[in-house]
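A.B. asks: Sharing a structure below in structure tokens format, with a few things to ask.
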Amino acid sequence: MENKARHFRYVIGENLVTAFAFSLFTLIIFLAICGPWITPYDPLATNASNTLKPPSWAHLFGTDHLGRDVYSRVIAATQLDLGIAISAVALSFIIGCALGCSAGFWGGWTDRVVGRLSDTIMAFPLFVLAMGIVAAMGNTVENIIYATAIINLPFYTRVARAETSVRRNAGYVHAARLCGSRDVRILATQVFPNILPPMMVQISLNMGWAILNAAGLSFIGLGVRPPDAEWGIMVAEGANYIVSGEWWLAIFPGAALMMAVFCFNLLGDGLRDIVDPLRRT
Amino acid sequence: MKNSKLIHVGRRLAQALPSIVGVIIISFVLTRALPGDPAVYFAGDMADKESIDQVRRAMGLDKGLLEQFFIYVGNLAKGVWGTSLSTGRPVTEELLARLPASLELTLIGLSLAVAIALPLGIIAATRPNSWIDHLCRVLVTAGVSLPTFFTGLFLVYIFYYLLGWAPSPLGRLDILSLPPPHITGFYTVDSLIAGEKETFSASVSQLVLPAITLALFALAPLARMTRAAMLGALASDFVRTARANGLSRRVVLLTYALRNASLSVLTTLGMVFSFLLGANVLVEKVFSWPGIGSFAIQALVASDYAAVQGFVLAMALLFIAVNLTIDLILTLLDPRVGFES
């Protein structure tokens with residue numbers, strides 16, 4: 001553990017970009033948790049006498065077509081956007097681990113069924129599949145989460161399967177079996193902790209994409225309903241005003257979305273450097 | 001050797017079958033997963049009891065699940081993909097009418113991305129840690145973080161509103177031009193065939209911004225893969241041998257390294273195409289592009305389920321076809337394929 005911490009400090013110190021991403025990550029998490037309490041205005045409060053005002057000191061990011069404060073809405077949206085992405089990624093992580101580990105450990109027909117399932121999901125253009133799933137299951141935020149989780153599933157299943165299958169004949173697995181452990185117990189206590197590092201890298205590389213995907217879905221009008229603040233839907237609402245020059249409606253939430261995704265992608269690369277130095281690019 | 005390549009091609013064609021079956025099963029499940037009674041949904045909000053019953057019989061919803069599936073597959077094969085509620089025309093007709101617009105945009109965006117990403121990746125790989133290598137790395141990380149719809153709006157703001165260089169982002173042609181006579185459905189190609197220079201330049205100027213938006217999105221994974229594959233190829237034994245034999249830099253780089261690297265780049269291209277088909281939907285919305293993506297969004301908003309499911313299925317089949325083509329090209333390109341079997 002001490003060693004890991006030192007290595008962590010080394011990688012952060014070595015790579016300023018990762019350090020930057022890590023501080024940005026802390027900021028995003030802070031905004032997601034405390035967002036609702038630190039917004040200067042109520043993100044839902046409309047003000048008919050103060051619509052479409054450009055950025056000023058009173059309204060840092062200006063006001064939208066209903067007179068709502070864009071700055072407050074961008075901050076308040078962090079919670080919803082991050083919440084959707086984290087729930088989706090957590091779901092695909094748990095299910096992907098379970099499926100991938102069983103496929104890699106037992107092989108045989110389990111492996112064939114799981115492999116066929118991920119291949120079939122991957123045969124779709126993933127964003128399009130998510131659209132279809134939300135259309136079929138109903139247009140709600142929960143279904144956005146399920147759809148995002150389903151299209152991310154193959155990535156986790158594949159990593160978990162590959163990592164498990166190289167370990168299923170490892171010495172410690174044989175030792176645990178000799179001690180009388182059953183397969184499920186070996187998977188949970190011996191194999192799973194060992195495949196955790198590559199899975200964590202997969203999570204952080206996947207997180208940015210999950211955010212993008214969820215925001216894309218709400219941009220086309222799925223999931224989050226107005227007047228809720230969410231980056232994708234804010235960009236969609238602001239899109240109509242771009243051609244007449246009211247840029248702040250769409251650009252600020254779009255930039256926030258971009259920063260969040262950028263941060264997670266950088267963090268993913270940084271985490272991969274820590275866990276797997278050989279694949280460093 | 002030629003024979004074994006043929007066998008390989010045949011085996012690859014056969015491998016596409018399970019994907020197609022899987023795609024059809026999932027899209028069948030999606031049509032039946034509608035909350036409540038699917039017949040009510042497919043008949044639409046205005047339907048009375050009689051037309052709901054009619055839809056139920058037409059979809060075979062009164063029969064067993066397995067039988068329903070075979071009816072569904074039979075209908076698909078006959079081209080009966082349901083009727084779009086919002087337009088009242090068959091879904092296949094609607095999709096086919098809009099497909100050229102989407103394909104034209106996607107293909108031009110993809111070509112643009114390849115034209116930039118390949119040289120960038122090659123140069124970055126040959127000069128590690130130079131400024132162009134750093135530029136490549138920044139572009140690659142920033143590129144995958146860009147929400148396509150945001151890039152599109154940003155470009156519209158800069159090039160339409162601020163600079164006034166681009167036409168208004170409303171469709172494939174401005175109001176003053178008439179579409180060229182329909183031959184391929186690609187306005188650029190059709191206008192050239194018809195010899196209408198003005199229509200050609202009008203359609204190109206409408207295409208530029210959405211194509212750049214798509215290209216920016218597709219650029220990152222392609223440049224990243226090109227760089228990595230070229231680095232791998234340049235460090236290999238055969239490149240060292242070629243260099244030791246005194247072959248010119250050009251031959252070593254293009255004939256030896258690039259031909260080998262192109263295999264993994266092509267594989268990435270298939271994945272990029274999957275993302276592009278999704279990104280296309282967003283870009284079409286931003287630029288009011290009258291393609292199948294816009295059609296699907298309208299259908300989603302209007303709860304026009306047959307149209308949405310038709311769109312999803314069409315995209316999946318298109319994607320399988322693209323992957324198959326790429327794999328077949330790989331087979332032809334890769335000199336090792338003939339030997340291993």
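By convention in this document, the chains of the structure tokens carry letters A, B, ... by their order, each chain's residues are numbered from 1, and ligands are numbered from 1 in the order they are shown.
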Would you kindly report the residues of chain A within 7 Å of chain B, using only C-alpha atoms, as a list in words?

C.D. replies: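 The contacting residues on chain A are Thr120, Ala123, Phe124, Pro125, Leu126, Phe127, Val128, Leu129, Gly132, Ile133, Ala135, Ala136, Met137, Leu212, Ile220, Ala239, Ile242, Val243, Gly245, Gly254, Met258, Val261 and Phe262 of chain A.
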
A.B. asks: Compile the contact shell of Phe61 (chain A) as a ChimeraX atom specification: residues with an atom at most 8 Å away, counting only C-alpha atoms, same-chain residues fewer than 2 positions apart removed.

C.D. replies: /A:54-56,59,63,69-71,248-249,252

A.B. asks: Write out as a ChimeraX atom specification each polymer residue whose atoms come within 9 Å of Ser87 (chain A), counting only C-alpha atoms; drop sequence neighbours fewer than 6 positions from it.

C.D. replies: /A:145-146,149

A.B. asks: Looking only at the backbone, which of the residues in region 199-336 of chain B does DSSP tag as alpha helix (DSSP H), as JSON, numbers by chain?

C.D. replies: {"B": [199, 200, 201, 202, 203, 204, 205, 206, 207, 208, 209, 210, 211, 212, 213, 214, 215, 216, 217, 218, 219, 220, 221, 222, 223, 224, 225, 226, 227, 228, 229, 230, 231, 232, 233, 234, 237, 238, 239, 240, 241, 242, 243, 244, 249, 250, 259, 260, 261, 262, 263, 264, 265, 266, 267, 268, 269, 270, 271, 272, 273, 274, 275, 276, 277, 278, 279, 280, 281, 282, 283, 284, 285, 286, 292, 293, 294, 295, 296, 297, 298, 299, 300, 301, 305, 306, 307, 308, 309, 310, 311, 312, 313, 314, 315, 316, 317, 318, 319, 320, 321, 322, 323, 324, 325, 326, 327, 328, 329, 330, 331, 332, 333]}

A.B. asks: Got time to write the residues from that selection, C-alpha atoms, as a compact mmCIF listing (two decimals), in the first residue's frame?

C.D. replies:
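Final output, out-v5.txt:
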# COMPACT_ATOMS: atom_id res chain seq x y z
CA THR B 199 -26.03 23.56 -57.31
CA PHE B 200 -22.75 21.71 -56.79
CA SER B 201 -21.07 24.60 -55.01
CA ALA B 202 -24.25 25.25 -53.00
CA SER B 203 -24.40 21.65 -51.80
CA VAL B 204 -20.68 21.60 -51.01
CA SER B 205 -20.92 24.79 -48.96
CA GLN B 206 -23.77 23.22 -46.96
CA LEU B 207 -21.71 20.07 -46.46
CA VAL B 208 -18.52 21.67 -45.19
CA LEU B 209 -19.43 22.39 -41.56
CA PRO B 210 -21.26 19.13 -40.74
CA ALA B 211 -18.53 17.13 -42.48
CA ILE B 212 -15.82 18.90 -40.47
CA THR B 213 -17.80 18.23 -37.29
CA LEU B 214 -17.94 14.51 -38.04
CA ALA B 215 -14.30 14.47 -39.13
CA LEU B 216 -13.14 16.08 -35.87
CA PHE B 217 -14.93 13.33 -34.04
CA ALA B 218 -13.56 10.46 -36.12
CA LEU B 219 -10.06 11.90 -36.32
CA ALA B 220 -8.95 11.05 -32.80
CA PRO B 221 -9.21 7.24 -32.72
CA LEU B 222 -7.82 6.99 -36.26
CA ALA B 223 -4.79 9.19 -35.58
CA ARG B 224 -4.14 7.37 -32.31
CA MET B 225 -4.25 3.97 -33.97
CA THR B 226 -2.13 5.07 -36.94
CA ARG B 227 0.52 6.44 -34.62
CA ALA B 228 0.58 3.33 -32.42
CA ALA B 229 0.55 0.91 -35.36
CA MET B 230 3.27 2.83 -37.18
CA LEU B 231 5.42 2.93 -34.03
CA GLY B 232 5.02 -0.83 -33.74
CA ALA B 233 5.81 -1.43 -37.41
CA LEU B 234 8.83 0.88 -37.40
CA ASP B 237 12.60 -6.59 -37.54
CA PHE B 238 11.49 -6.33 -41.13
CA VAL B 239 11.79 -2.55 -41.11
CA ARG B 240 15.27 -2.84 -39.59
CA THR B 241 16.23 -5.31 -42.28
CA ALA B 242 14.79 -3.08 -45.00
CA ARG B 243 16.76 -0.16 -43.65
CA ALA B 244 19.94 -2.24 -43.39
CA ARG B 249 13.19 6.10 -46.61
CA ARG B 250 10.08 6.41 -48.71
CA ARG B 259 1.17 -1.57 -45.38
CA ASN B 260 1.55 -3.52 -42.16
CA ALA B 261 0.17 -0.73 -40.01
CA SER B 262 -2.83 -0.32 -42.29
CA LEU B 263 -4.25 -3.62 -41.05
CA SER B 264 -4.91 -2.35 -37.53
CA VAL B 265 -5.93 1.07 -38.85
CA LEU B 266 -8.58 -0.58 -41.02
CA THR B 267 -9.85 -2.57 -38.05
CA THR B 268 -10.18 0.68 -36.10
CA LEU B 269 -12.02 2.18 -39.06
CA GLY B 270 -14.85 -0.32 -38.51
CA MET B 271 -15.21 0.77 -34.89
CA VAL B 272 -15.04 4.43 -35.88
CA PHE B 273 -17.84 3.84 -38.35
CA SER B 274 -20.03 2.54 -35.54
CA PHE B 275 -19.45 5.72 -33.55
CA LEU B 276 -19.95 7.83 -36.68
CA LEU B 277 -23.39 6.36 -37.33
CA GLY B 278 -24.35 7.44 -33.81
CA ALA B 279 -22.68 10.84 -34.06
CA ASN B 280 -24.42 11.33 -37.37
CA VAL B 281 -27.77 11.50 -35.57
CA LEU B 282 -26.54 14.37 -33.40
CA VAL B 283 -24.89 16.24 -36.26
CA GLU B 284 -28.01 15.91 -38.40
CA LYS B 285 -30.05 17.49 -35.63
CA VAL B 286 -27.63 20.40 -35.26
CA ILE B 292 -32.30 9.16 -41.44
CA GLY B 293 -30.97 10.49 -38.12
CA SER B 294 -33.31 13.48 -38.21
CA PHE B 295 -36.09 11.13 -39.26
CA ALA B 296 -35.40 8.91 -36.25
CA ILE B 297 -35.40 11.87 -33.86
CA GLN B 298 -38.73 13.11 -35.23
CA ALA B 299 -40.09 9.59 -34.90
CA LEU B 300 -38.84 9.36 -31.30
CA VAL B 301 -40.52 12.64 -30.39
CA TYR B 305 -42.13 3.17 -32.77
CA ALA B 306 -42.13 1.30 -36.08
CA ALA B 307 -40.00 4.05 -37.58
CA VAL B 308 -37.52 4.06 -34.67
CA GLN B 309 -37.12 0.28 -34.68
CA GLY B 310 -36.73 0.30 -38.45
CA PHE B 311 -34.02 2.90 -38.09
CA VAL B 312 -32.16 0.90 -35.44
CA LEU B 313 -32.35 -2.28 -37.52
CA ALA B 314 -31.26 -0.50 -40.70
CA MET B 315 -28.26 1.05 -38.95
CA ALA B 316 -27.25 -2.31 -37.48
CA LEU B 317 -27.46 -4.07 -40.84
CA LEU B 318 -25.50 -1.25 -42.46
CA PHE B 319 -22.85 -1.55 -39.77
CA ILE B 320 -22.58 -5.33 -40.23
CA ALA B 321 -22.17 -4.78 -43.97
CA VAL B 322 -19.43 -2.20 -43.39
CA ASN B 323 -17.56 -4.48 -41.00
CA LEU B 324 -17.83 -7.35 -43.45
CA THR B 325 -16.44 -5.19 -46.25
CA ILE B 326 -13.56 -4.04 -44.09
CA ASP B 327 -12.74 -7.62 -43.12
CA LEU B 328 -12.79 -8.73 -46.73
CA ILE B 329 -10.44 -5.88 -47.67
CA LEU B 330 -8.20 -6.96 -44.79
CA THR B 331 -8.15 -10.49 -46.16
CA LEU B 332 -7.05 -9.22 -49.54
CA LEU B 333 -4.43 -6.88 -48.07

A.B. asks: From the set B:Leu253, B:Leu120, B:Ala43, B:Leu66, which residue has the shortest atom-to-atom contact distance to Thr83 (chain B), counting only C-alpha atoms?

C.D. replies: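 Closest to Thr83 (chain B), using only C-alpha atoms: B:Ala43.
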
A.B. asks: What does the distance between CA of Tyr41 (chain A) and CA of Gly62 (chain A) come to in Å, to one decimal place?

C.D. replies: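 Going from CA of Tyr41 (chain A) over to CA of Gly62 (chain A) covers 11.9 Å.
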
A.B. asks: Pick out the residues sitting within 12 Å of Val184 (chain A), and hand them over as a PyMOL selection string; count only C-alpha atoms, and ignore anything fewer than 2 positions along from it in its own chain.

C.D. replies: chain A and resi 98+101-102+105-106+173+176-177+180-182+186-192

A.B. asks: Between CA of Thr164 (chain A) and CA of Gly104 (chain A), measure the distance and give it in Å to one decimal.

C.D. replies: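 Separation of CA of Thr164 (chain A) and CA of Gly104 (chain A): 5.1 Å.
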
A.B. asks: Just to confirm, what's the straight-line distance from CA of Asp81 (chain A) to CA of Glu142 (chain A) in Å (one decimal)?

C.D. replies: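 It comes out at 12.4 Å.
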
A.B. asks: Measuring between only C-alpha atoms, which one of A:Val134, A:Val141, A:Leu271, A:Val166 shows the shortest distance to Leu80 (chain A)?

C.D. replies: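 Smallest separation from Leu80 (chain A) among the options: A:Val141.
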
A.B. asks: Which neighbours of Leu266 (chain A) fall inside 9 Å, counting only C-alpha atoms, when residues of the same chain fewer than 6 positions from it are skipped, and could you give them as a PyMOL selection string?

C.D. replies: (chain A and resi 17-18+20-22+204-205) or (chain B and resi 141)

A.B. asks: Which residues are close to Ala48 (chain A), i.e. within 9 Å by only C-alpha atoms, leaving aside same-chain residues fewer than 4 positions away? Reply as an NGL selection string.

C.D. replies: :A and (65-68)

A.B. asks: Find the spatial neighbours of Ala160 (chain A), counting only C-alpha atoms, within a cut-off of 12 Å - ignore same-chain residues fewer than 4 positions away - and output them as a PyMOL selection string.

C.D. replies: chain A and resi 92-105+111+114-115+153-156+164-168+187+191-203
